[in-house]
$ cat model-v8.csv   # CSV, N, CA and C atoms
chain,number,residue,atom,x,y,z
N,1,MET,N,61.8,-2.5,4.9
N,1,MET,CA,61.7,-2.2,6.3
N,1,MET,C,60.7,-3.1,7.1
N,2,GLU,N,59.6,-3.4,6.4
N,2,GLU,CA,58.6,-4.3,7.0
N,2,GLU,C,59.1,-5.7,7.1
N,3,THR,N,59.9,-6.2,6.2
N,3,THR,CA,60.4,-7.5,6.2
N,3,THR,C,61.4,-7.7,7.4
N,4,LEU,N,62.2,-6.7,7.6
N,4,LEU,CA,63.2,-6.7,8.7
N,4,LEU,C,62.4,-6.7,10.0
N,5,GLN,N,61.4,-5.9,10.1
N,5,GLN,CA,60.6,-5.8,11.3
N,5,GLN,C,59.9,-7.1,11.6
N,6,ALA,N,59.4,-7.8,10.6
N,6,ALA,CA,58.8,-9.1,10.8
N,6,ALA,C,59.8,-10.1,11.2
N,7,LEU,N,61.0,-10.1,10.6
N,7,LEU,CA,62.1,-11.0,11.0
N,7,LEU,C,62.5,-10.8,12.5
N,8,LEU,N,62.6,-9.5,12.9
N,8,LEU,CA,63.0,-9.2,14.3
N,8,LEU,C,61.9,-9.6,15.2
N,9,LEU,N,60.6,-9.5,14.8
N,9,LEU,CA,59.6,-10.0,15.7
N,9,LEU,C,59.6,-11.5,15.9
N,10,VAL,N,60.0,-12.2,14.8
N,10,VAL,CA,60.1,-13.7,15.0
N,10,VAL,C,61.3,-14.0,15.9
N,11,VAL,N,62.4,-13.3,15.7
N,11,VAL,CA,63.5,-13.5,16.6
N,11,VAL,C,63.2,-13.2,18.1
N,12,GLN,N,62.4,-12.2,18.3
N,12,GLN,CA,62.0,-11.8,19.6
N,12,GLN,C,61.1,-12.9,20.3
N,13,VAL,N,60.2,-13.4,19.5
N,13,VAL,CA,59.3,-14.5,20.1
N,13,VAL,C,60.1,-15.7,20.4
N,14,ILE,N,61.0,-16.1,19.5
N,14,ILE,CA,61.8,-17.3,19.7
N,14,ILE,C,62.8,-17.1,20.9
N,15,CYS,N,63.3,-15.9,21.0
N,15,CYS,CA,64.2,-15.6,22.1
N,15,CYS,C,63.5,-15.6,23.4
N,16,ALA,N,62.3,-15.1,23.4
N,16,ALA,CA,61.5,-15.0,24.7
N,16,ALA,C,61.1,-16.4,25.1
N,17,ILE,N,60.7,-17.3,24.2
N,17,ILE,CA,60.4,-18.7,24.6
N,17,ILE,C,61.7,-19.4,25.1
N,18,ALA,N,62.8,-19.2,24.4
N,18,ALA,CA,64.0,-19.8,24.9
N,18,ALA,C,64.4,-19.3,26.2
N,19,LEU,N,64.3,-18.0,26.5
N,19,LEU,CA,64.6,-17.5,27.8
N,19,LEU,C,63.8,-18.1,28.9
N,20,ILE,N,62.5,-18.2,28.6
N,20,ILE,CA,61.6,-18.8,29.6
N,20,ILE,C,62.0,-20.2,29.9
N,21,THR,N,62.3,-21.0,28.8
N,21,THR,CA,62.7,-22.4,29.0
N,21,THR,C,63.9,-22.5,29.8
N,22,PHE,N,65.0,-21.7,29.5
N,22,PHE,CA,66.2,-21.8,30.2
N,22,PHE,C,66.1,-21.4,31.6
N,23,ILE,N,65.3,-20.4,31.9
N,23,ILE,CA,65.2,-19.9,33.3
N,23,ILE,C,64.5,-21.0,34.1
N,24,LEU,N,63.5,-21.6,33.5
N,24,LEU,CA,62.7,-22.6,34.3
N,24,LEU,C,63.5,-23.9,34.5
N,25,ILE,N,64.4,-24.2,33.6
N,25,ILE,CA,65.2,-25.4,33.7
N,25,ILE,C,66.3,-25.3,34.8
N,26,GLN,N,66.8,-24.1,35.0
N,26,GLN,CA,67.9,-23.9,35.9
N,26,GLN,C,67.5,-24.2,37.3
N,27,HIS,N,68.5,-24.6,38.1
N,27,HIS,CA,68.3,-24.9,39.5
N,27,HIS,C,68.6,-23.6,40.3
N,28,GLY,N,67.8,-23.4,41.3
N,28,GLY,CA,68.1,-22.2,42.2
N,28,GLY,C,69.3,-22.5,43.1
N,29,LYS,N,69.6,-21.5,43.9
N,29,LYS,CA,70.8,-21.6,44.8
N,29,LYS,C,70.5,-22.7,45.9
N,30,GLY,N,69.3,-22.8,46.3
N,30,GLY,CA,69.0,-23.8,47.3
N,30,GLY,C,68.6,-25.2,46.8
N,31,ALA,N,68.8,-25.4,45.5
N,31,ALA,CA,68.4,-26.7,44.9
N,31,ALA,C,69.4,-27.8,45.3
N,32,ASP,N,70.6,-27.4,45.6
N,32,ASP,CA,71.6,-28.4,45.9
N,32,ASP,C,71.6,-28.8,47.4
N,33,ALA,N,70.8,-28.2,48.2
N,33,ALA,CA,70.7,-28.5,49.6
N,33,ALA,C,70.2,-29.9,49.8
N,34,GLY,N,69.3,-30.3,48.9
N,34,GLY,CA,68.7,-31.7,49.0
N,34,GLY,C,69.8,-32.7,48.7
N,35,ALA,N,70.7,-32.4,47.8
N,35,ALA,CA,71.8,-33.4,47.4
N,35,ALA,C,72.7,-33.7,48.6
N,36,ALA,N,72.8,-32.8,49.5
N,36,ALA,CA,73.6,-33.0,50.7
N,36,ALA,C,73.1,-34.1,51.6
N,37,PHE,N,71.8,-34.3,51.5
N,37,PHE,CA,71.1,-35.3,52.4
N,37,PHE,C,70.9,-36.6,51.7
N,38,GLY,N,71.6,-36.9,50.6
N,38,GLY,CA,71.5,-38.2,49.9
N,38,GLY,C,70.6,-38.2,48.7
N,39,SER,N,70.0,-37.1,48.3
N,39,SER,CA,69.1,-37.1,47.1
N,39,SER,C,70.0,-37.2,45.9
N,40,GLY,N,69.5,-38.0,44.9
N,40,GLY,CA,70.3,-38.2,43.7
N,40,GLY,C,70.0,-37.2,42.6
N,41,ALA,N,69.3,-36.1,43.0
N,41,ALA,CA,68.8,-35.1,42.0
N,41,ALA,C,69.9,-34.1,41.6
N,42,SER,N,71.1,-34.2,42.2
N,42,SER,CA,72.1,-33.2,41.9
N,42,SER,C,72.7,-33.5,40.5
N,43,ALA,N,72.7,-34.7,40.0
N,43,ALA,CA,73.3,-35.1,38.7
N,43,ALA,C,72.4,-34.5,37.6
N,44,THR,N,73.0,-33.8,36.7
N,44,THR,CA,72.2,-33.2,35.6
N,44,THR,C,72.7,-33.7,34.3
N,45,VAL,N,72.0,-33.3,33.2
N,45,VAL,CA,72.4,-33.7,31.9
N,45,VAL,C,73.8,-33.2,31.5
N,46,PHE,N,74.1,-32.0,31.9
N,46,PHE,CA,75.4,-31.4,31.5
N,46,PHE,C,76.5,-31.7,32.5
N,47,GLY,N,76.3,-32.5,33.5
N,47,GLY,CA,77.3,-32.7,34.5
N,47,GLY,C,77.0,-31.9,35.7
N,48,ALA,N,77.6,-32.2,36.9
N,48,ALA,CA,77.4,-31.5,38.1
N,48,ALA,C,77.9,-30.1,38.1
N,49,ALA,N,79.1,-29.9,37.5
N,49,ALA,CA,79.7,-28.6,37.5
N,49,ALA,C,79.4,-27.8,36.2
N,50,GLY,N,79.2,-28.4,35.1
N,50,GLY,CA,79.0,-27.7,33.8
N,50,GLY,C,77.7,-27.2,33.6
N,51,SER,N,76.6,-27.6,34.3
N,51,SER,CA,75.3,-27.2,34.0
N,51,SER,C,75.1,-25.7,34.4
N,52,GLY,N,75.6,-25.3,35.5
N,52,GLY,CA,75.4,-23.9,35.9
N,52,GLY,C,76.2,-23.0,34.9
N,53,ASN,N,77.3,-23.3,34.5
N,53,ASN,CA,78.1,-22.5,33.7
N,53,ASN,C,77.5,-22.4,32.3
N,54,PHE,N,77.1,-23.5,31.7
N,54,PHE,CA,76.4,-23.5,30.4
N,54,PHE,C,75.1,-22.8,30.4
N,55,MET,N,74.3,-23.1,31.4
N,55,MET,CA,73.0,-22.5,31.5
N,55,MET,C,73.1,-21.0,31.8
N,56,THR,N,74.0,-20.6,32.6
N,56,THR,CA,74.1,-19.2,33.0
N,56,THR,C,74.6,-18.4,31.8
N,57,ARG,N,75.5,-18.9,31.0
N,57,ARG,CA,76.0,-18.2,29.8
N,57,ARG,C,75.0,-18.2,28.8
N,58,THR,N,74.3,-19.2,28.6
N,58,THR,CA,73.2,-19.2,27.5
N,58,THR,C,72.1,-18.3,27.9
N,59,THR,N,71.7,-18.3,29.2
N,59,THR,CA,70.7,-17.3,29.6
N,59,THR,C,71.1,-15.9,29.5
N,60,THR,N,72.4,-15.6,29.8
N,60,THR,CA,72.9,-14.3,29.7
N,60,THR,C,72.9,-13.8,28.2
N,61,ALA,N,73.3,-14.7,27.3
N,61,ALA,CA,73.4,-14.4,25.9
N,61,ALA,C,72.0,-14.2,25.3
N,62,LEU,N,71.0,-15.0,25.7
N,62,LEU,CA,69.6,-14.8,25.3
N,62,LEU,C,69.0,-13.5,25.8
N,63,ALA,N,69.4,-13.2,27.1
N,63,ALA,CA,68.9,-11.9,27.6
N,63,ALA,C,69.4,-10.7,26.9
N,64,PHE,N,70.7,-10.8,26.5
N,64,PHE,CA,71.3,-9.7,25.8
N,64,PHE,C,70.7,-9.6,24.4
N,65,VAL,N,70.5,-10.7,23.7
N,65,VAL,CA,69.8,-10.6,22.4
N,65,VAL,C,68.4,-10.1,22.5
N,66,PHE,N,67.7,-10.5,23.5
N,66,PHE,CA,66.3,-10.1,23.8
N,66,PHE,C,66.3,-8.5,24.0
N,67,LEU,N,67.2,-8.0,24.8
N,67,LEU,CA,67.2,-6.6,25.1
N,67,LEU,C,67.6,-5.8,23.9
N,68,LEU,N,68.6,-6.2,23.2
N,68,LEU,CA,69.1,-5.5,22.0
N,68,LEU,C,68.0,-5.5,20.9
N,69,ASN,N,67.3,-6.6,20.8
N,69,ASN,CA,66.2,-6.8,19.8
N,69,ASN,C,65.0,-5.9,20.2
N,70,SER,N,64.8,-5.8,21.5
N,70,SER,CA,63.7,-4.9,22.0
N,70,SER,C,64.0,-3.5,21.7
N,71,LEU,N,65.2,-3.0,21.9
N,71,LEU,CA,65.6,-1.7,21.6
N,71,LEU,C,65.5,-1.3,20.1
N,72,VAL,N,65.9,-2.3,19.3
N,72,VAL,CA,65.8,-2.0,17.8
N,72,VAL,C,64.4,-2.0,17.4
N,73,LEU,N,63.5,-2.9,17.9
N,73,LEU,CA,62.1,-2.8,17.5
N,73,LEU,C,61.5,-1.5,18.0
N,74,ALA,N,61.8,-1.1,19.2
N,74,ALA,CA,61.3,0.2,19.7
N,74,ALA,C,61.7,1.4,18.8
N,75,TRP,N,63.0,1.4,18.4
N,75,TRP,CA,63.4,2.4,17.5
N,75,TRP,C,62.7,2.4,16.2
N,76,MET,N,62.5,1.2,15.7
N,76,MET,CA,61.8,1.1,14.4
N,76,MET,C,60.4,1.6,14.5
N,77,ALA,N,59.7,1.3,15.6
N,77,ALA,CA,58.3,1.7,15.8
N,77,ALA,C,58.3,3.2,15.9
N,78,LYS,N,59.3,3.8,16.6
N,78,LYS,CA,59.3,5.3,16.7
N,78,LYS,C,59.5,5.9,15.3
N,79,GLN,N,60.3,5.4,14.5
N,79,GLN,CA,60.5,5.9,13.2
N,79,GLN,C,59.3,5.8,12.4
N,80,GLN,N,58.6,4.7,12.5
N,80,GLN,CA,57.3,4.5,11.7
N,80,GLN,C,56.3,5.5,12.2
N,81,SER,N,56.2,5.8,13.5
N,81,SER,CA,55.2,6.7,14.0
N,81,SER,C,55.5,8.1,13.6
N,82,LEU,N,56.8,8.5,13.5
N,82,LEU,CA,57.2,9.8,13.1
N,82,LEU,C,56.9,10.0,11.6
N,83,GLU,N,57.1,9.0,10.8
N,83,GLU,CA,56.8,9.1,9.4
N,83,GLU,C,55.3,9.2,9.2
N,84,ALA,N,54.5,8.4,9.9
N,84,ALA,CA,53.1,8.5,9.8
N,84,ALA,C,52.6,9.9,10.2
N,85,GLY,N,53.2,10.4,11.3
N,85,GLY,CA,52.8,11.7,11.7
N,85,GLY,C,53.1,12.8,10.7
N,86,ARG,N,54.2,12.7,10.0
N,86,ARG,CA,54.5,13.7,8.9
N,86,ARG,C,53.5,13.6,7.8
N,87,LEU,N,53.0,12.5,7.5
N,87,LEU,CA,52.1,12.3,6.4
N,87,LEU,C,50.7,12.9,6.7
N,88,ASN,N,50.3,12.8,8.0
N,88,ASN,CA,49.0,13.2,8.3
N,88,ASN,C,48.8,14.6,8.8
N,89,ILE,N,49.8,15.5,8.6
N,89,ILE,CA,49.8,16.9,9.1
N,89,ILE,C,48.8,17.6,8.2
N,90,VAL,N,47.8,18.2,8.8
N,90,VAL,CA,46.8,19.0,8.0
N,90,VAL,C,47.0,20.5,8.3
N,91,GLU,N,47.2,21.2,7.3
N,91,GLU,CA,47.4,22.7,7.4
N,91,GLU,C,46.1,23.3,7.7
N,92,PRO,N,46.1,24.2,8.7
N,92,PRO,CA,44.8,24.9,9.0
N,92,PRO,C,44.4,25.9,7.9
N,93,THR,N,43.2,25.9,7.6
N,93,THR,CA,42.7,26.8,6.5
N,93,THR,C,41.9,27.9,7.1
N,94,LEU,N,42.0,29.1,6.5
N,94,LEU,CA,41.3,30.3,7.0
N,94,LEU,C,39.9,30.4,6.3
N,95,ILE,N,38.9,30.7,7.0
N,95,ILE,CA,37.6,30.9,6.4
N,95,ILE,C,37.4,32.4,6.3
N,96,GLU,N,37.3,32.8,5.0
N,96,GLU,CA,37.1,34.2,4.8
N,96,GLU,C,35.7,34.6,4.9
N,97,GLN,N,35.5,35.8,5.6
N,97,GLN,CA,34.1,36.3,5.8
N,97,GLN,C,33.9,37.4,4.8
N,98,PRO,N,32.6,37.7,4.5
N,98,PRO,CA,32.4,38.9,3.6
N,98,PRO,C,32.9,40.2,4.3
N,99,ALA,N,33.2,41.1,3.4
N,99,ALA,CA,33.8,42.3,3.8
N,99,ALA,C,32.9,43.1,4.8
N,100,ASP,N,31.6,43.1,4.4
N,100,ASP,CA,30.6,43.8,5.2
N,100,ASP,C,29.6,42.8,5.8
N,101,ALA,N,30.0,42.3,7.0
N,101,ALA,CA,29.2,41.2,7.7
N,101,ALA,C,27.8,41.7,8.1
N,102,ASP,N,27.7,43.0,8.4
N,102,ASP,CA,26.4,43.5,8.9
N,102,ASP,C,25.4,43.5,7.7
N,103,THR,N,25.8,43.9,6.5
N,103,THR,CA,24.8,43.9,5.4
N,103,THR,C,24.5,42.6,4.9
N,104,ALA,N,25.5,41.6,5.0
N,104,ALA,CA,25.2,40.2,4.6
N,104,ALA,C,24.1,39.6,5.5
N,105,LEU,N,24.1,40.0,6.8
N,105,LEU,CA,23.0,39.5,7.6
N,105,LEU,C,21.7,40.1,7.3
N,106,ALA,N,21.7,41.4,6.9
N,106,ALA,CA,20.4,42.1,6.7
N,106,ALA,C,19.7,41.6,5.4
N,107,ASP,N,20.5,41.0,4.5
N,107,ASP,CA,19.9,40.5,3.2
N,107,ASP,C,19.2,39.2,3.4
N,108,GLU,N,19.5,38.5,4.5
N,108,GLU,CA,18.9,37.2,4.7
N,108,GLU,C,17.4,37.4,5.2
N,109,PRO,N,16.5,36.4,4.8
N,109,PRO,CA,15.2,36.5,5.3
N,109,PRO,C,15.1,36.3,6.8
N,110,PRO,N,14.1,36.9,7.4
N,110,PRO,CA,14.0,36.7,8.9
N,110,PRO,C,13.8,35.3,9.2
N,111,ALA,N,14.3,34.9,10.4
N,111,ALA,CA,14.2,33.6,10.9
N,111,ALA,C,12.8,33.2,11.2
N,112,ALA,N,12.4,32.0,10.9
N,112,ALA,CA,11.0,31.6,11.2
N,112,ALA,C,10.8,31.5,12.7
N,113,THR,N,9.6,31.8,13.1
N,113,THR,CA,9.3,31.7,14.5
N,113,THR,C,9.0,30.2,14.8
N,114,PRO,N,9.1,29.8,16.1
N,114,PRO,CA,8.9,28.4,16.4
N,114,PRO,C,7.5,27.9,16.1
N,115,ASP,N,6.5,28.8,16.1
N,115,ASP,CA,5.1,28.4,15.8
N,115,ASP,C,4.9,28.1,14.3
N,116,ALA,N,5.8,28.7,13.5
N,116,ALA,CA,5.6,28.5,12.0
N,116,ALA,C,5.9,27.1,11.6
N,117,ASP,N,6.7,26.3,12.4
N,117,ASP,CA,7.0,25.0,12.1
N,117,ASP,C,6.0,24.0,12.5
N,118,LEU,N,5.0,24.4,13.3
N,118,LEU,CA,3.9,23.5,13.7
N,118,LEU,C,2.8,23.4,12.7
N,119,PRO,N,2.2,22.3,12.5
N,119,PRO,CA,1.1,22.2,11.6
N,119,PRO,C,-0.1,23.0,12.1
N,120,GLN,N,-0.9,23.5,11.1
N,120,GLN,CA,-2.1,24.3,11.5
N,120,GLN,C,-3.3,23.3,11.8
N,121,ILE,N,-4.0,23.6,12.8
N,121,ILE,CA,-5.2,22.8,13.1
N,121,ILE,C,-6.3,23.4,12.4
N,122,PRO,N,-7.0,22.6,11.6
N,122,PRO,CA,-8.2,23.2,10.9
N,122,PRO,C,-9.3,23.5,11.9
N,123,GLU,N,-10.0,24.6,11.6
N,123,GLU,CA,-11.1,25.0,12.6
N,123,GLU,C,-12.4,24.4,12.3
$ encode --input "model-v8.csv" --output "structure tokens"
Amino acid sequence: METLQALLLVVQVICAIALITFILIQHGKGADAGAAFGSGASATVFGAAGSGNFMTRTTTALAFVFLLNSLVLAWMAKQQSLEAGRLNIVEPTLIEQPADADTALADEPPAATPDADLPQIPE
């Protein structure tokens, strides 16, 4: 179970980094407005029409994997906490008192007075 959780954590980190990268690489809706005025920045590595489609599909797939992976990791963490909670349950114990509590107190020596704890001053 720990090996699977470690593998899922690695997938989660890689997926998060890939998501951040793909989101930052994509052009916004207003990015093509500059191309209308003669800017040559509209040409991309994947072609003018194919970049949005490829990037959008890849981002969607990465987001789906990230969400599904997050749900599985959360479920695994819940199961681990439930198992740990079952192991640490402490049953309450009863403290039995003597049958005759009044006589038990009468057998004890009297409590020392506060002055008895002080050292005596020689005269």
$ atom_distance --input "model-v8.csv" --atom1 "CA of Phe54 in chain N" --atom2 "CA of Val72 in chain N"
27.1 Å
$ atom_distance --input "model-v8.csv" --atom1 "CA of Thr58 in chain N" --atom2 "CA of Met1 in chain N"
29.5 Å
$ residues_around --input "model-v8.csv" --residues "Val11 in chain N" --least-positions-apart "4" --cutoff "8 Å" --atoms "only N, CA and C atoms" --output "short mmCIF file (atom, residue, chain, number, x, y, z; two decimals) with N, CA and C atoms, in the coordinates of the input"
data_model
loop_
_atom_site.label_atom_id
_atom_site.label_comp_id
_atom_site.auth_asym_id
_atom_site.auth_seq_id
_atom_site.Cartn_x
_atom_site.Cartn_y
_atom_site.Cartn_z
N GLN N 5 61.40 -5.90 10.10
CA GLN N 5 60.60 -5.80 11.30
C GLN N 5 59.90 -7.10 11.60
N ALA N 6 59.40 -7.80 10.60
CA ALA N 6 58.80 -9.10 10.80
C ALA N 6 59.80 -10.10 11.20
N LEU N 7 61.00 -10.10 10.60
CA LEU N 7 62.10 -11.00 11.00
C LEU N 7 62.50 -10.80 12.50
N CYS N 15 63.30 -15.90 21.00
CA CYS N 15 64.20 -15.60 22.10
C CYS N 15 63.50 -15.60 23.40
N ALA N 16 62.30 -15.10 23.40
CA ALA N 16 61.50 -15.00 24.70
C ALA N 16 61.10 -16.40 25.10
N ILE N 17 60.70 -17.30 24.20
CA ILE N 17 60.40 -18.70 24.60
C ILE N 17 61.70 -19.40 25.10
N VAL N 65 70.50 -10.70 23.70
CA VAL N 65 69.80 -10.60 22.40
C VAL N 65 68.40 -10.10 22.50
N PHE N 66 67.70 -10.50 23.50
CA PHE N 66 66.30 -10.10 23.80
C PHE N 66 66.30 -8.50 24.00
N ASN N 69 67.30 -6.60 20.80
CA ASN N 69 66.20 -6.80 19.80
C ASN N 69 65.00 -5.90 20.20
#
